[in-house]
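**Student:** One structure coming up, written as structure tokens, with questions to follow.
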Amino acid sequence: MFLASWIPGGPLPALVAGVASHLALDAIPHGDAGIGHWVHSSPNHVTKLQRLLPVVFADQILGGGVFLLLLSSPRLASTGFWILLAGAFGSILPDYITGIRDLLPKPPVWLESLHRIHQKCHYSGKEPFTILTGLIFQAVLVVTFLLLAFF
Ligand SMILES: [Zn+2]
């Protein structure tokens, strides 16, 4: 949303900036590897859904809450709603693409290609975080940026 407010040209460049920010930030380890392994090691499709959907649901609620909070940030006040929404949506779009690909029994080639680009951007070294320390790291970052947005 900060990038979206900064980049000129309206919702489309804001969306592209959001996607680019997601891919750039995926290169920083953030503790998702453990959750990804847990989901993808499911013995069957039903178990995979039972593991994936609560994570996605919690992610959407938290992401939506942060989005609504940031809408009242004085730093973003001069940027239009649709530009901020495009930036926010772009920043989660790579995860939607991967999530839809994970749910389809036989994903189309183009979806598989987009997913592969997304995967290539992920940090692939030794994961320094456990699921818990990764969540703490992400919570600290979110709170820090919320403070920066309002003070
Ligand atoms: Zn990602």
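Chain labels run A, B, ... following the order of the structure tokens; each chain numbers its residues from 1, and ligands are numbered from 1 in the order shown.
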Could you list, as a PyMOL selection string, all protein and nucleic acid residues with an atom at most 7 Å from ligand 1, counting only C-alpha atoms and all ligand atoms?
**Tutor:** chain A and resi 22-23+26+94-95+118+122
**Student:** What lies within 12 Å of A:Gly90 using only C-alpha atoms, ignoring chain neighbours under 6 positions off, as a JSON list (two decimals) with C-alpha atoms, in the first residue's frame?
**Tutor:**
```
[["chain", "number", "residue", "atom", "x", "y", "z"],
["A", 1, "MET", "CA", 0.00, 0.00, 0.00],
["A", 3, "LEU", "CA", 4.37, 1.51, -2.79],
["A", 4, "ALA", "CA", 0.92, 1.96, -4.32],
["A", 11, "PRO", "CA", -4.42, 1.04, -9.98],
["A", 12, "LEU", "CA", -2.54, -1.07, -12.57],
["A", 13, "PRO", "CA", 1.00, 0.12, -11.65],
["A", 14, "ALA", "CA", -0.08, -0.17, -7.99],
["A", 15, "LEU", "CA", -1.10, -3.79, -8.59],
["A", 16, "VAL", "CA", 2.20, -4.56, -10.35],
["A", 17, "ALA", "CA", 4.14, -2.88, -7.51],
["A", 18, "GLY", "CA", 2.19, -5.00, -5.01],
["A", 19, "VAL", "CA", 3.08, -8.21, -6.86],
["A", 20, "ALA", "CA", 6.75, -7.11, -7.15],
["A", 21, "SER", "CA", 6.88, -6.33, -3.41],
["A", 22, "HIS", "CA", 5.50, -9.78, -2.60],
["A", 23, "LEU", "CA", 8.10, -11.50, -4.78],
["A", 82, "TRP", "CA", -8.89, 1.74, -5.58],
["A", 83, "ILE", "CA", -5.14, 2.39, -5.86],
["A", 84, "LEU", "CA", -4.60, 1.20, -2.27],
["A", 96, "TYR", "CA", -3.70, -16.77, -4.44],
["A", 97, "ILE", "CA", -2.12, -18.07, -7.65]]
```
**Student:** Please list as number ranges by chain every residue within 8 Å of stretch 130-134 of chain A, counting only C-alpha atoms and excluding residues in the same chain fewer than 5 positions away.
**Tutor:** A: 30-35
**Student:** Could you tell me which of A:Leu85, A:Lys126, A:Thr79, A:Gln50 comes closest to A:Gly64 if we count only C-alpha atoms?
**Tutor:** A:Leu85
**Student:** Go ahead and compute the interatomic distance for atom CA of A:Leu68 and atom CA of A:Leu52, in Å to one decimal.
**Tutor:**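 So the answer is 24.1 Å.
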**Student:** Would you please work out which residue, of A:Ala77, A:Leu104, A:Cys121, A:Val109, is nearest to A:Leu49 when using only C-alpha atoms?
**Tutor:**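 Looking at the shortest contact to A:Leu49, the residue is A:Leu104.
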**Student:** Ranking A:Leu76, A:Leu71, A:Ala58, A:Val46 by minimum distance to A:Trp6 and counting only C-alpha atoms, which one comes first?
**Tutor:** A:Leu76
**Student:** In Å, rounded to a single decimal, give me how far atom CA of A:Val142 is from atom CA of A:His37.
**Tutor:** 23.7 Å
**Student:** Could you check which of A:Ile92, A:Val55, A:Leu69, A:Ile61 is closest to A:Phe145, using only C-alpha atoms?
**Tutor:**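 Once distances to A:Phe145 are computed over only C-alpha atoms, the minimum belongs to A:Leu69.
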**Student:** What separation in Å, quoted to one decimal, exists between atom CA of A:Leu135 and atom CA of A:Arg101?
**Tutor:**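 Spanning atom CA of A:Leu135 to atom CA of A:Arg101 is a straight-line distance of 24.3 Å.
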**Student:** Which residue is closest to A:Ile100? Choose from A:Leu62, A:Leu114, A:Ala27, A:Ala88 and count only C-alpha atoms.
**Tutor:** A:Leu114
**Student:** Enumerate the residues of stretch 12-136 of chain A with a DSSP assignment of alpha helix (DSSP H), computed from the backbone, and present them as number ranges by chain.
**Tutor:** A: 12-26, 32-40, 45-71, 81-103, 109-121, 131-136
**Student:** Name all residues at most 12 Å from A:Leu147 (count only C-alpha atoms; drop same-chain ones fewer than 5 positions away) and give them as an mmCIF file with C-alpha atoms, in the first residue's frame.
**Tutor:**
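So the final result, stored in around.cif, reads:
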```cif
data_model
loop_
_atom_site.group_PDB
_atom_site.id
_atom_site.type_symbol
_atom_site.label_atom_id
_atom_site.label_comp_id
_atom_site.auth_asym_id
_atom_site.auth_seq_id
_atom_site.Cartn_x
_atom_site.Cartn_y
_atom_site.Cartn_z
ATOM 1 C CA VAL A 66 -4.387 -4.576 8.408
ATOM 2 C CA LEU A 69 -6.441 -0.113 9.543
ATOM 3 C CA LEU A 70 -4.071 1.278 6.895
ATOM 4 C CA SER A 73 -3.329 6.029 7.953
ATOM 5 C CA PRO A 74 -2.503 9.733 7.506
ATOM 6 C CA ARG A 75 0.416 8.690 5.261
ATOM 7 C CA VAL A 140 6.880 -7.625 14.822
ATOM 8 C CA LEU A 141 7.211 -6.416 11.194
ATOM 9 C CA VAL A 142 3.460 -5.810 10.831
#
```
**Student:** Could you tell me which of A:Leu148, A:Lys48, A:Phe81, A:Val39 comes closest to A:Ser5 if we count only C-alpha atoms?
**Tutor:**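 Among the listed residues, the smallest separation from A:Ser5 belongs to A:Phe81.
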